[in-house]
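Report on the following structure.
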Amino acid sequence: MGTPPATTAATILLFLGFLLVWPVESWRPWPSHFKNSTDSLSFGGSKKFEGSSEFVKLKYHMGPILTANITVYPIWYGSWQPSQKRIIREFVNSISDHGAPEPSVATWWKTVRLYGDQTGANVSATVQLGQEKNDRLYSFGRKLTRLSVQSVVKSAISASTRPLPINPKAGVYLVLTAEDVYMDDFCNNVCGFHYFTFPSIVGYTLPFAWAGNSAKFCPGVCAYPFSVPEYMPGAKPVKSPNDDVAVDGMISVIGHEIAELSTDPLLNAWFAGDNPDFPVEIADLCEGIYGTGGGGSYTGQMLNDEFGATYNMNGIRRRFLVQWIWNRLVNYCTGPNALDQ
């Protein structure tokens with residue numbers, strides 16, 4: 001449910017379970033992964049993998065999904081440069097923009113739209129950027145927890161001036177933390193996550209997601225493959241498409257979380273297994289896969305622009321590298337830049 005990496009908040013059991021849940025993903029260069037490991041560290045090679053498996057039993061658990069026009073409300077926590085905000089805004093706006101050349105972000109979203117609910121309605125085709133909120137004063141400190149981040153959302157919707165709208169059925173409250181803000185277990189097991197707010201804290205049950213700028217703490221983990229960690233000797237990073245390694249790395253995390261939040265906003269809709277405390281969702285299954293042949297530490301076949309930057313899809317005026325999504329119809333990961341799908 002996160003990037004790595006999420007029924008009701010009313011029960012104490014699920015509340016405690018929430019505190020123990022960590023997002024699951026198929027591959028990212030976590031420090032623990034390389035202890036006594038002999039795995040290949042190469043970006044190269046080619047094999048038909050892409051997460052395909054007859055053993056993946058992704059199921060619909062009858063909960064709601066986001067079928068109405070989705071509005072993303074960015075909450076900028078800490079100090080952000082205008083150029084960084086533009087990259088993220090243009091990615092979100094690209095999700096529903098069909099004017100970009102193929103392979104496009106909008107075509108990537110079509111895989112997310114394959115998921116429906118018991119009424120026959122599918123995830124919305126429309127994802128739009130909504131009102132934004134800034135917290136430049138670090139009102140809740142520079143170290144957040146999975147509970148304190150809910151207070152960031154509460155502050156944004158209850159502000160005395162220009163509060164964010166209350167939109168429980170189609171809102172995605174996207175908390176984006178600056179490079180000097182640490183989230184519990186950031187870099188060790190998580191680069192982003194999604195969940196829903198507790199009425200006891202926020203006053204409403206609102207789907208939200210968090211993604212952190214990893215520039216200070218762990219670009220080699222959360223901005224991979226634009227940066228590689230020191231414990232991967234011989235591995236070379238690829239050039240980021242928007243000249244900001246950490247923010248370009250965040251784009252895939254943000255896409256991961258928006259896709260999962262749209263298909264499993266309350267942790268009772270689309271996920272593999274029967275335990276909502278440990279869900280494996282549609283982006284978890286494809287973490288680290290960006291192109292044909294991807295799997296393990298191999299990212300798959302990506303594209304390069306005229307300046308040598310690496311990407312796999314086009315958006316509005318920009319290019320992005322975004323992980324693939326599990327396609328429930330073919331039972332493996334797919335993306336718009338696939339060479340054999």
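To be explicit about the labels: the chains of the structure tokens are called A, B, and onward in the order shown, and within each one the residues are counted from 1, while ligands get numbers from 1 in the order they are shown.
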Show me, as number ranges by chain, the residues that have an atom within 9 Å of Lys154 of chain A when counting only C-alpha atoms, minus same-chain residues fewer than 2 positions from it. A: 149-152, 156-159, 197, 201-204
Those selected residues, please, written with N, CA and C atoms and delivered as an mmCIF file, in the first residue's frame.
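Okay, this is what ended up in again-v7.cif:
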data_model
loop_
_atom_site.group_PDB
_atom_site.id
_atom_site.type_symbol
_atom_site.label_atom_id
_atom_site.label_comp_id
_atom_site.auth_asym_id
_atom_site.auth_seq_id
_atom_site.Cartn_x
_atom_site.Cartn_y
_atom_site.Cartn_z
ATOM 1 N N VAL A 149 0.623 12.956 11.228
ATOM 2 C CA VAL A 149 0.366 13.449 9.877
ATOM 3 C C VAL A 149 -1.130 13.690 9.670
ATOM 4 N N GLN A 150 -1.965 12.984 10.425
ATOM 5 C CA GLN A 150 -3.395 13.259 10.350
ATOM 6 C C GLN A 150 -3.725 14.650 10.891
ATOM 7 N N SER A 151 -2.945 15.102 11.839
ATOM 8 C CA SER A 151 -3.145 16.463 12.355
ATOM 9 C C SER A 151 -2.780 17.511 11.309
ATOM 10 N N VAL A 152 -1.838 17.171 10.434
ATOM 11 C CA VAL A 152 -1.510 18.064 9.325
ATOM 12 C C VAL A 152 -2.725 18.227 8.414
ATOM 13 N N ALA A 156 -5.190 21.613 7.765
ATOM 14 C CA ALA A 156 -5.455 22.128 6.417
ATOM 15 C C ALA A 156 -6.947 22.312 6.150
ATOM 16 N N ILE A 157 -7.783 21.427 6.696
ATOM 17 C CA ILE A 157 -9.221 21.531 6.429
ATOM 18 C C ILE A 157 -9.936 22.443 7.421
ATOM 19 N N SER A 158 -9.257 22.815 8.498
ATOM 20 C CA SER A 158 -9.888 23.661 9.518
ATOM 21 C C SER A 158 -9.215 25.022 9.648
ATOM 22 N N ALA A 159 -8.357 25.369 8.698
ATOM 23 C CA ALA A 159 -7.642 26.649 8.751
ATOM 24 C C ALA A 159 -8.629 27.813 8.739
ATOM 25 N N THR A 197 -8.197 9.162 7.531
ATOM 26 C CA THR A 197 -8.121 9.871 8.809
ATOM 27 C C THR A 197 -9.155 9.326 9.784
ATOM 28 N N ILE A 201 -9.560 12.284 15.468
ATOM 29 C CA ILE A 201 -8.458 13.236 15.297
ATOM 30 C C ILE A 201 -8.851 14.371 14.364
ATOM 31 N N VAL A 202 -9.447 14.028 13.228
ATOM 32 C CA VAL A 202 -9.693 15.009 12.165
ATOM 33 C C VAL A 202 -11.142 15.476 12.141
ATOM 34 N N GLY A 203 -12.045 14.643 12.646
ATOM 35 C CA GLY A 203 -13.457 14.986 12.591
ATOM 36 C C GLY A 203 -14.179 14.327 11.435
ATOM 37 N N TYR A 204 -13.437 13.741 10.518
ATOM 38 C CA TYR A 204 -13.996 13.097 9.329
ATOM 39 C C TYR A 204 -13.127 11.894 8.950
#
Shell around segment 123-136 of chain A at 10 Å using only C-alpha atoms, local window under 5 positions removed, as a short mmCIF file (atom, residue, chain, number, x, y, z; two decimals) with all heavy atoms, in the first residue's frame:
data_model
loop_
_atom_site.label_atom_id
_atom_site.label_comp_id
_atom_site.auth_asym_id
_atom_site.auth_seq_id
_atom_site.Cartn_x
_atom_site.Cartn_y
_atom_site.Cartn_z
N PRO A 64 -15.82 0.59 -0.92
CA PRO A 64 -15.93 1.65 -1.92
C PRO A 64 -14.60 1.93 -2.61
O PRO A 64 -13.53 1.67 -2.07
CB PRO A 64 -16.37 2.87 -1.09
CG PRO A 64 -15.79 2.60 0.27
CD PRO A 64 -15.89 1.11 0.46
N ILE A 65 -14.69 2.43 -3.84
CA ILE A 65 -13.55 2.96 -4.57
C ILE A 65 -13.90 4.39 -4.97
O ILE A 65 -15.03 4.85 -4.74
CB ILE A 65 -13.20 2.10 -5.81
CG1 ILE A 65 -14.37 2.07 -6.78
CG2 ILE A 65 -12.83 0.68 -5.37
CD1 ILE A 65 -14.08 1.35 -8.09
N LEU A 66 -12.97 5.10 -5.56
CA LEU A 66 -13.24 6.50 -5.93
C LEU A 66 -13.76 6.55 -7.36
O LEU A 66 -13.01 6.55 -8.33
CB LEU A 66 -11.97 7.34 -5.79
CG LEU A 66 -11.34 7.40 -4.39
CD1 LEU A 66 -10.23 8.43 -4.34
CD2 LEU A 66 -12.39 7.68 -3.31
N THR A 67 -15.09 6.57 -7.49
CA THR A 67 -15.73 6.56 -8.80
C THR A 67 -16.12 7.96 -9.27
O THR A 67 -16.31 8.17 -10.47
CB THR A 67 -16.99 5.67 -8.79
OG1 THR A 67 -17.90 6.15 -7.78
CG2 THR A 67 -16.62 4.22 -8.46
N ALA A 68 -16.29 8.89 -8.35
CA ALA A 68 -16.61 10.27 -8.72
C ALA A 68 -15.32 10.99 -9.13
O ALA A 68 -14.21 10.51 -8.85
CB ALA A 68 -17.27 10.99 -7.55
N ASN A 69 -15.45 12.12 -9.82
CA ASN A 69 -14.29 12.88 -10.24
C ASN A 69 -13.35 13.12 -9.06
O ASN A 69 -13.75 13.70 -8.05
CB ASN A 69 -14.71 14.21 -10.85
CG ASN A 69 -15.41 14.04 -12.19
OD1 ASN A 69 -15.41 12.96 -12.76
ND2 ASN A 69 -16.00 15.11 -12.70
N ILE A 70 -12.12 12.65 -9.20
CA ILE A 70 -11.15 12.70 -8.10
C ILE A 70 -10.46 14.06 -8.06
O ILE A 70 -9.99 14.55 -9.09
CB ILE A 70 -10.10 11.59 -8.26
CG1 ILE A 70 -10.79 10.21 -8.20
CG2 ILE A 70 -9.02 11.69 -7.18
CD1 ILE A 70 -9.90 9.06 -8.65
N THR A 71 -10.40 14.64 -6.87
CA THR A 71 -9.70 15.90 -6.68
C THR A 71 -8.55 15.69 -5.71
O THR A 71 -8.75 15.19 -4.60
CB THR A 71 -10.63 17.00 -6.14
OG1 THR A 71 -11.73 17.18 -7.05
CG2 THR A 71 -9.89 18.32 -5.99
N VAL A 72 -7.35 16.04 -6.14
CA VAL A 72 -6.15 15.91 -5.30
C VAL A 72 -5.87 17.25 -4.65
O VAL A 72 -5.75 18.27 -5.34
CB VAL A 72 -4.93 15.46 -6.14
CG1 VAL A 72 -3.68 15.39 -5.27
CG2 VAL A 72 -5.22 14.11 -6.80
N TYR A 73 -5.79 17.25 -3.32
CA TYR A 73 -5.52 18.46 -2.55
C TYR A 73 -4.11 18.39 -1.98
O TYR A 73 -3.88 17.74 -0.95
CB TYR A 73 -6.53 18.62 -1.41
CG TYR A 73 -7.98 18.65 -1.85
CD1 TYR A 73 -8.80 17.53 -1.67
CD2 TYR A 73 -8.52 19.79 -2.43
CE1 TYR A 73 -10.13 17.56 -2.06
CE2 TYR A 73 -9.85 19.83 -2.83
CZ TYR A 73 -10.65 18.70 -2.64
OH TYR A 73 -11.97 18.73 -3.04
N PRO A 74 -3.12 19.02 -2.61
CA PRO A 74 -1.76 18.98 -2.07
C PRO A 74 -1.63 19.81 -0.80
O PRO A 74 -2.15 20.93 -0.71
CB PRO A 74 -0.91 19.59 -3.20
CG PRO A 74 -1.77 19.55 -4.42
CD PRO A 74 -3.18 19.71 -3.91
N ILE A 75 -0.96 19.23 0.18
CA ILE A 75 -0.63 19.95 1.42
C ILE A 75 0.89 19.98 1.50
O ILE A 75 1.53 18.95 1.75
CB ILE A 75 -1.23 19.24 2.65
CG1 ILE A 75 -2.76 19.13 2.50
CG2 ILE A 75 -0.88 20.00 3.93
CD1 ILE A 75 -3.42 18.28 3.58
N TRP A 76 1.47 21.15 1.23
CA TRP A 76 2.92 21.30 1.18
C TRP A 76 3.43 21.59 2.58
O TRP A 76 3.26 22.68 3.11
CB TRP A 76 3.29 22.45 0.24
CG TRP A 76 2.70 22.32 -1.14
CD1 TRP A 76 1.55 22.92 -1.60
CD2 TRP A 76 3.22 21.56 -2.23
NE1 TRP A 76 1.34 22.57 -2.90
CE2 TRP A 76 2.34 21.75 -3.33
CE3 TRP A 76 4.35 20.76 -2.40
CZ2 TRP A 76 2.55 21.15 -4.56
CZ3 TRP A 76 4.55 20.16 -3.63
CH2 TRP A 76 3.67 20.36 -4.69
N TYR A 77 4.06 20.59 3.17
CA TYR A 77 4.53 20.73 4.56
C TYR A 77 6.02 21.02 4.56
O TYR A 77 6.84 20.21 4.10
CB TYR A 77 4.25 19.44 5.34
CG TYR A 77 4.49 19.55 6.83
CD1 TYR A 77 3.51 20.07 7.67
CD2 TYR A 77 5.70 19.16 7.38
CE1 TYR A 77 3.74 20.19 9.04
CE2 TYR A 77 5.94 19.26 8.74
CZ TYR A 77 4.95 19.78 9.57
OH TYR A 77 5.18 19.90 10.92
N GLY A 78 6.38 22.19 5.07
CA GLY A 78 7.78 22.60 5.08
C GLY A 78 8.10 23.51 3.92
O GLY A 78 7.22 24.10 3.29
N SER A 79 9.37 23.62 3.61
CA SER A 79 9.84 24.57 2.60
C SER A 79 9.98 23.88 1.24
O SER A 79 10.75 22.93 1.08
CB SER A 79 11.20 25.14 3.03
OG SER A 79 11.70 26.04 2.06
N TRP A 80 9.26 24.40 0.26
CA TRP A 80 9.27 23.85 -1.10
C TRP A 80 9.61 24.94 -2.11
O TRP A 80 9.12 26.06 -2.00
CB TRP A 80 7.90 23.26 -1.45
CG TRP A 80 7.61 21.97 -0.76
CD1 TRP A 80 7.04 21.80 0.47
CD2 TRP A 80 7.89 20.66 -1.26
NE1 TRP A 80 6.95 20.47 0.78
CE2 TRP A 80 7.46 19.74 -0.27
CE3 TRP A 80 8.46 20.18 -2.43
CZ2 TRP A 80 7.59 18.37 -0.44
CZ3 TRP A 80 8.58 18.82 -2.60
CH2 TRP A 80 8.15 17.92 -1.61
N ARG A 89 2.64 19.24 -9.59
CA ARG A 89 1.33 19.67 -10.11
C ARG A 89 1.12 19.16 -11.54
O ARG A 89 0.03 18.69 -11.89
CB ARG A 89 1.26 21.19 -10.11
CG ARG A 89 1.10 21.84 -8.74
CD ARG A 89 1.09 23.34 -8.90
NE ARG A 89 1.05 24.05 -7.63
CZ ARG A 89 1.85 25.07 -7.33
NH1 ARG A 89 2.76 25.50 -8.23
NH2 ARG A 89 1.76 25.67 -6.16
N GLU A 90 2.15 19.26 -12.36
CA GLU A 90 1.99 18.87 -13.75
C GLU A 90 1.83 17.36 -13.89
O GLU A 90 1.15 16.89 -14.82
CB GLU A 90 3.14 19.41 -14.59
CG GLU A 90 3.06 20.93 -14.73
CD GLU A 90 4.13 21.50 -15.64
OE1 GLU A 90 4.80 20.74 -16.36
OE2 GLU A 90 4.31 22.73 -15.62
N PHE A 91 2.42 16.59 -12.98
CA PHE A 91 2.16 15.15 -13.01
C PHE A 91 0.70 14.86 -12.70
O PHE A 91 0.04 14.11 -13.41
CB PHE A 91 3.06 14.41 -12.02
CG PHE A 91 2.66 12.97 -11.86
CD1 PHE A 91 2.84 12.06 -12.90
CD2 PHE A 91 2.06 12.52 -10.69
CE1 PHE A 91 2.44 10.73 -12.78
CE2 PHE A 91 1.65 11.20 -10.56
CZ PHE A 91 1.85 10.30 -11.61
N VAL A 92 0.17 15.47 -11.63
CA VAL A 92 -1.23 15.23 -11.26
C VAL A 92 -2.15 15.66 -12.40
O VAL A 92 -3.09 14.93 -12.78
CB VAL A 92 -1.59 15.97 -9.96
CG1 VAL A 92 -3.08 15.85 -9.67
CG2 VAL A 92 -0.78 15.41 -8.79
N ASN A 93 -1.90 16.81 -12.98
CA ASN A 93 -2.73 17.28 -14.09
C ASN A 93 -2.61 16.41 -15.33
O ASN A 93 -3.52 16.37 -16.17
CB ASN A 93 -2.38 18.72 -14.44
CG ASN A 93 -2.97 19.72 -13.46
OD1 ASN A 93 -4.05 19.51 -12.92
ND2 ASN A 93 -2.27 20.82 -13.23
N SER A 94 -1.51 15.70 -15.46
CA SER A 94 -1.29 14.85 -16.63
C SER A 94 -2.14 13.57 -16.60
O SER A 94 -2.35 12.94 -17.63
CB SER A 94 0.19 14.46 -16.74
OG SER A 94 1.00 15.58 -16.99
N ILE A 95 -2.61 13.20 -15.42
CA ILE A 95 -3.34 11.93 -15.29
C ILE A 95 -4.58 11.90 -16.17
O ILE A 95 -4.93 10.86 -16.74
CB ILE A 95 -3.69 11.66 -13.81
CG1 ILE A 95 -2.41 11.44 -12.99
CG2 ILE A 95 -4.63 10.46 -13.67
CD1 ILE A 95 -2.64 11.30 -11.49
N SER A 96 -5.25 13.03 -16.31
CA SER A 96 -6.47 13.08 -17.12
C SER A 96 -6.29 13.84 -18.42
O SER A 96 -7.27 14.12 -19.10
CB SER A 96 -7.61 13.71 -16.30
OG SER A 96 -7.94 12.92 -15.20
N ASP A 97 -5.07 14.19 -18.77
CA ASP A 97 -4.82 14.95 -19.99
C ASP A 97 -4.45 13.99 -21.11
O ASP A 97 -3.39 13.37 -21.08
CB ASP A 97 -3.70 15.97 -19.75
CG ASP A 97 -3.53 16.89 -20.94
OD1 ASP A 97 -2.99 16.42 -21.97
OD2 ASP A 97 -3.90 18.07 -20.85
N ALA A 106 -1.75 9.54 -18.97
CA ALA A 106 -3.18 9.26 -19.08
C ALA A 106 -3.42 7.80 -19.46
O ALA A 106 -4.37 7.17 -18.96
CB ALA A 106 -3.82 10.20 -20.10
N TRP A 109 -2.99 5.61 -16.46
CA TRP A 109 -4.15 5.63 -15.57
C TRP A 109 -5.25 4.68 -16.05
O TRP A 109 -6.08 4.23 -15.25
CB TRP A 109 -4.70 7.05 -15.46
CG TRP A 109 -5.78 7.20 -14.43
CD1 TRP A 109 -7.13 7.39 -14.65
CD2 TRP A 109 -5.63 7.17 -13.00
NE1 TRP A 109 -7.82 7.48 -13.46
CE2 TRP A 109 -6.91 7.35 -12.43
CE3 TRP A 109 -4.54 7.02 -12.16
CZ2 TRP A 109 -7.11 7.37 -11.05
CZ3 TRP A 109 -4.74 7.05 -10.79
CH2 TRP A 109 -6.02 7.22 -10.25
N LYS A 110 -5.27 4.33 -17.33
CA LYS A 110 -6.30 3.42 -17.82
C LYS A 110 -6.24 2.07 -17.12
O LYS A 110 -7.26 1.39 -16.97
CB LYS A 110 -6.16 3.24 -19.34
CG LYS A 110 -6.58 4.47 -20.14
CD LYS A 110 -6.45 4.22 -21.63
CE LYS A 110 -6.88 5.43 -22.45
NZ LYS A 110 -6.74 5.20 -23.91
N THR A 111 -5.05 1.65 -16.71
CA THR A 111 -4.95 0.39 -15.96
C THR A 111 -5.63 0.51 -14.61
O THR A 111 -6.30 -0.42 -14.15
CB THR A 111 -3.48 -0.01 -15.78
OG1 THR A 111 -2.86 -0.14 -17.06
CG2 THR A 111 -3.36 -1.34 -15.05
N VAL A 112 -5.49 1.65 -13.96
CA VAL A 112 -6.17 1.88 -12.68
C VAL A 112 -7.68 1.84 -12.87
O VAL A 112 -8.43 1.34 -12.04
CB VAL A 112 -5.74 3.23 -12.07
CG1 VAL A 112 -6.41 3.46 -10.71
CG2 VAL A 112 -4.22 3.29 -11.92
N ARG A 113 -8.14 2.32 -14.01
CA ARG A 113 -9.57 2.39 -14.28
C ARG A 113 -10.21 1.02 -14.55
O ARG A 113 -11.44 0.90 -14.63
CB ARG A 113 -9.85 3.32 -15.47
CG ARG A 113 -9.49 4.77 -15.23
CD ARG A 113 -10.34 5.71 -16.09
NE ARG A 113 -11.73 5.59 -15.73
CZ ARG A 113 -12.69 5.24 -16.58
NH1 ARG A 113 -12.40 4.93 -17.84
NH2 ARG A 113 -13.95 5.18 -16.19
N LEU A 114 -9.40 -0.01 -14.66
CA LEU A 114 -9.94 -1.36 -14.83
C LEU A 114 -10.64 -1.86 -13.58
O LEU A 114 -11.38 -2.85 -13.61
CB LEU A 114 -8.82 -2.34 -15.20
CG LEU A 114 -8.13 -2.12 -16.55
CD1 LEU A 114 -6.97 -3.09 -16.69
CD2 LEU A 114 -9.12 -2.29 -17.70
N TYR A 115 -10.41 -1.19 -12.46
CA TYR A 115 -10.95 -1.64 -11.17
C TYR A 115 -12.30 -0.97 -10.90
O TYR A 115 -12.43 0.25 -11.00
CB TYR A 115 -9.95 -1.36 -10.06
CG TYR A 115 -8.69 -2.17 -10.22
CD1 TYR A 115 -7.64 -1.74 -11.04
CD2 TYR A 115 -8.57 -3.41 -9.61
CE1 TYR A 115 -6.51 -2.51 -11.23
CE2 TYR A 115 -7.43 -4.20 -9.80
CZ TYR A 115 -6.42 -3.74 -10.61
OH TYR A 115 -5.30 -4.51 -10.81
N GLY A 116 -13.29 -1.81 -10.56
CA GLY A 116 -14.63 -1.31 -10.33
C GLY A 116 -15.19 -1.76 -8.99
O GLY A 116 -14.52 -2.44 -8.21
N ASP A 117 -16.44 -1.36 -8.74
CA ASP A 117 -17.10 -1.74 -7.49
C ASP A 117 -18.31 -2.61 -7.78
O ASP A 117 -18.56 -3.01 -8.92
CB ASP A 117 -17.48 -0.50 -6.68
CG ASP A 117 -18.51 0.39 -7.37
OD1 ASP A 117 -19.13 -0.05 -8.38
OD2 ASP A 117 -18.68 1.54 -6.93
N VAL A 152 -1.84 17.17 10.43
CA VAL A 152 -1.51 18.06 9.32
C VAL A 152 -2.72 18.23 8.41
O VAL A 152 -3.05 19.34 7.97
CB VAL A 152 -0.31 17.53 8.53
CG1 VAL A 152 -0.03 18.40 7.31
CG2 VAL A 152 0.94 17.46 9.42
N VAL A 153 -3.42 17.11 8.15
CA VAL A 153 -4.63 17.17 7.34
C VAL A 153 -5.71 17.98 8.05
O VAL A 153 -6.37 18.84 7.45
CB VAL A 153 -5.14 15.75 7.03
CG1 VAL A 153 -6.46 15.82 6.24
CG2 VAL A 153 -4.10 14.96 6.25
N SER A 155 -5.38 20.36 10.23
CA SER A 155 -5.04 21.77 10.18
C SER A 155 -5.38 22.38 8.83
O SER A 155 -5.85 23.52 8.75
CB SER A 155 -3.54 21.94 10.47
OG SER A 155 -3.15 23.29 10.38
N ALA A 156 -5.19 21.61 7.77
CA ALA A 156 -5.45 22.13 6.42
C ALA A 156 -6.95 22.31 6.15
O ALA A 156 -7.34 23.25 5.45
CB ALA A 156 -4.85 21.19 5.38
N ILE A 157 -7.78 21.43 6.70
CA ILE A 157 -9.22 21.53 6.43
C ILE A 157 -9.94 22.44 7.42
O ILE A 157 -11.09 22.81 7.19
CB ILE A 157 -9.90 20.15 6.43
CG1 ILE A 157 -9.85 19.51 7.82
CG2 ILE A 157 -9.28 19.25 5.37
CD1 ILE A 157 -10.67 18.24 7.95
N ALA A 159 -8.36 25.37 8.70
CA ALA A 159 -7.64 26.65 8.75
C ALA A 159 -8.63 27.81 8.74
O ALA A 159 -9.71 27.74 8.14
CB ALA A 159 -6.69 26.76 7.56
N ARG A 162 -8.95 30.13 3.92
CA ARG A 162 -8.89 29.22 2.78
C ARG A 162 -8.66 27.76 3.21
O ARG A 162 -7.70 27.11 2.76
CB ARG A 162 -7.83 29.66 1.80
CG ARG A 162 -8.14 30.98 1.12
CD ARG A 162 -7.05 31.36 0.12
NE ARG A 162 -6.82 30.33 -0.87
CZ ARG A 162 -7.60 30.11 -1.95
NH1 ARG A 162 -8.67 30.88 -2.14
NH2 ARG A 162 -7.31 29.15 -2.81
N PRO A 163 -9.54 27.24 4.06
CA PRO A 163 -9.40 25.81 4.43
C PRO A 163 -9.67 24.93 3.21
O PRO A 163 -10.43 25.30 2.31
CB PRO A 163 -10.46 25.62 5.51
CG PRO A 163 -11.50 26.66 5.19
CD PRO A 163 -10.73 27.85 4.68
N LEU A 164 -9.07 23.76 3.20
CA LEU A 164 -9.36 22.81 2.13
C LEU A 164 -10.79 22.30 2.26
O LEU A 164 -11.31 22.14 3.37
CB LEU A 164 -8.39 21.63 2.17
CG LEU A 164 -6.91 21.92 1.92
CD1 LEU A 164 -6.12 20.62 1.89
CD2 LEU A 164 -6.71 22.69 0.62
N PRO A 165 -11.45 22.01 1.14
CA PRO A 165 -12.82 21.47 1.21
C PRO A 165 -12.85 20.10 1.88
O PRO A 165 -11.87 19.36 1.86
CB PRO A 165 -13.22 21.35 -0.27
CG PRO A 165 -12.27 22.23 -1.01
CD PRO A 165 -10.99 22.21 -0.23
N ALA A 170 -14.48 11.81 -2.85
CA ALA A 170 -13.69 11.96 -4.07
C ALA A 170 -12.42 12.76 -3.86
O ALA A 170 -11.74 13.08 -4.82
CB ALA A 170 -14.54 12.62 -5.17
N GLY A 171 -12.11 13.06 -2.61
CA GLY A 171 -10.91 13.84 -2.31
C GLY A 171 -9.71 12.96 -1.98
O GLY A 171 -9.86 11.92 -1.33
N VAL A 172 -8.55 13.38 -2.45
CA VAL A 172 -7.29 12.75 -2.09
C VAL A 172 -6.44 13.83 -1.43
O VAL A 172 -5.99 14.77 -2.10
CB VAL A 172 -6.56 12.18 -3.32
CG1 VAL A 172 -5.16 11.70 -2.93
CG2 VAL A 172 -7.36 11.04 -3.93
N TYR A 173 -6.25 13.74 -0.13
CA TYR A 173 -5.47 14.73 0.62
C TYR A 173 -4.02 14.26 0.61
O TYR A 173 -3.67 13.27 1.24
CB TYR A 173 -6.04 14.90 2.02
CG TYR A 173 -7.45 15.44 1.98
CD1 TYR A 173 -8.54 14.59 1.80
CD2 TYR A 173 -7.69 16.81 2.07
CE1 TYR A 173 -9.83 15.09 1.71
CE2 TYR A 173 -8.98 17.31 1.98
CZ TYR A 173 -10.05 16.45 1.79
OH TYR A 173 -11.33 16.95 1.69
N LEU A 174 -3.20 14.96 -0.16
CA LEU A 174 -1.84 14.52 -0.43
C LEU A 174 -0.85 15.35 0.38
O LEU A 174 -0.56 16.50 0.05
CB LEU A 174 -1.55 14.66 -1.93
CG LEU A 174 -0.18 14.21 -2.43
CD1 LEU A 174 0.05 12.72 -2.15
CD2 LEU A 174 -0.05 14.49 -3.93
N VAL A 175 -0.34 14.77 1.45
CA VAL A 175 0.62 15.45 2.31
C VAL A 175 2.02 15.21 1.75
O VAL A 175 2.48 14.07 1.64
CB VAL A 175 0.53 14.93 3.76
CG1 VAL A 175 1.56 15.66 4.64
CG2 VAL A 175 -0.87 15.12 4.32
N LEU A 176 2.69 16.30 1.40
CA LEU A 176 4.03 16.24 0.80
C LEU A 176 5.01 16.93 1.74
O LEU A 176 4.89 18.13 1.99
CB LEU A 176 4.01 16.92 -0.57
CG LEU A 176 3.01 16.31 -1.56
CD1 LEU A 176 2.80 17.24 -2.75
CD2 LEU A 176 3.48 14.94 -2.02
N THR A 177 5.95 16.17 2.28
CA THR A 177 6.87 16.73 3.25
C THR A 177 8.20 17.09 2.60
O THR A 177 8.71 16.38 1.74
CB THR A 177 7.11 15.75 4.41
OG1 THR A 177 7.46 14.45 3.90
CG2 THR A 177 5.86 15.62 5.28
N ALA A 178 8.75 18.22 3.03
CA ALA A 178 9.99 18.74 2.48
C ALA A 178 11.18 17.87 2.87
O ALA A 178 11.07 16.99 3.73
CB ALA A 178 10.20 20.18 2.94
N ILE A 258 -1.66 7.39 -5.23
CA ILE A 258 -2.94 7.83 -5.79
C ILE A 258 -3.66 6.63 -6.42
O ILE A 258 -4.89 6.48 -6.28
CB ILE A 258 -2.74 8.96 -6.81
CG1 ILE A 258 -2.27 10.24 -6.10
CG2 ILE A 258 -4.04 9.25 -7.57
CD1 ILE A 258 -1.97 11.40 -7.04
N ALA A 259 -2.92 5.77 -7.11
CA ALA A 259 -3.53 4.59 -7.72
C ALA A 259 -4.14 3.67 -6.67
O ALA A 259 -5.28 3.19 -6.82
CB ALA A 259 -2.49 3.84 -8.55
N SER A 262 -7.17 5.24 -4.82
CA SER A 262 -8.38 5.27 -5.66
C SER A 262 -9.08 3.92 -5.70
O SER A 262 -10.30 3.85 -5.86
CB SER A 262 -8.01 5.71 -7.08
OG SER A 262 -7.45 7.01 -7.07
N THR A 263 -8.32 2.85 -5.57
CA THR A 263 -8.89 1.50 -5.66
C THR A 263 -9.09 0.83 -4.31
O THR A 263 -9.73 -0.21 -4.23
CB THR A 263 -7.98 0.59 -6.52
OG1 THR A 263 -6.64 0.63 -5.99
CG2 THR A 263 -7.94 1.06 -7.97
#
Apply DSSP to the backbone of this structure and, from segment 108-190 of chain A, keep only the residues in helix (DSSP H, G or I); write these as a PyMOL selection string. chain A and resi 108-112+148-157
For those residues, write C-alpha atoms to a file as a compact mmCIF listing (two decimals), in the first residue's frame.
# COMPACT_ATOMS: atom_id res chain seq x y z
CA TRP A 108 -1.00 4.62 -17.49
CA TRP A 109 -4.15 5.63 -15.57
CA LYS A 110 -6.30 3.42 -17.82
CA THR A 111 -4.95 0.39 -15.96
CA VAL A 112 -6.17 1.88 -12.68
CA SER A 148 0.61 13.21 13.66
CA VAL A 149 0.37 13.45 9.88
CA GLN A 150 -3.40 13.26 10.35
CA SER A 151 -3.14 16.46 12.35
CA VAL A 152 -1.51 18.06 9.32
CA VAL A 153 -4.63 17.17 7.34
CA LYS A 154 -6.89 18.47 10.10
CA SER A 155 -5.04 21.77 10.18
CA ALA A 156 -5.45 22.13 6.42
CA ILE A 157 -9.22 21.53 6.43
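Minimum distance to Gly212 of chain A across A:Ser252, A:Asn242, A:Thr161, A:Ser227 (counting only C-alpha atoms) occurs at A:Ser252.
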Which one of A:Thr334, A:Arg142, A:Val247, A:Ser160 sits closest to Ala215 of chain A if you count only C-alpha atoms?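 Ranking A:Thr334, A:Arg142, A:Val247, A:Ser160 by distance to Ala215 of chain A, first place goes to A:Val247.
Distance-wise, atom CA of Val228 of chain A and atom CA of Pro82 of chain A end up 25.8 Å apart.
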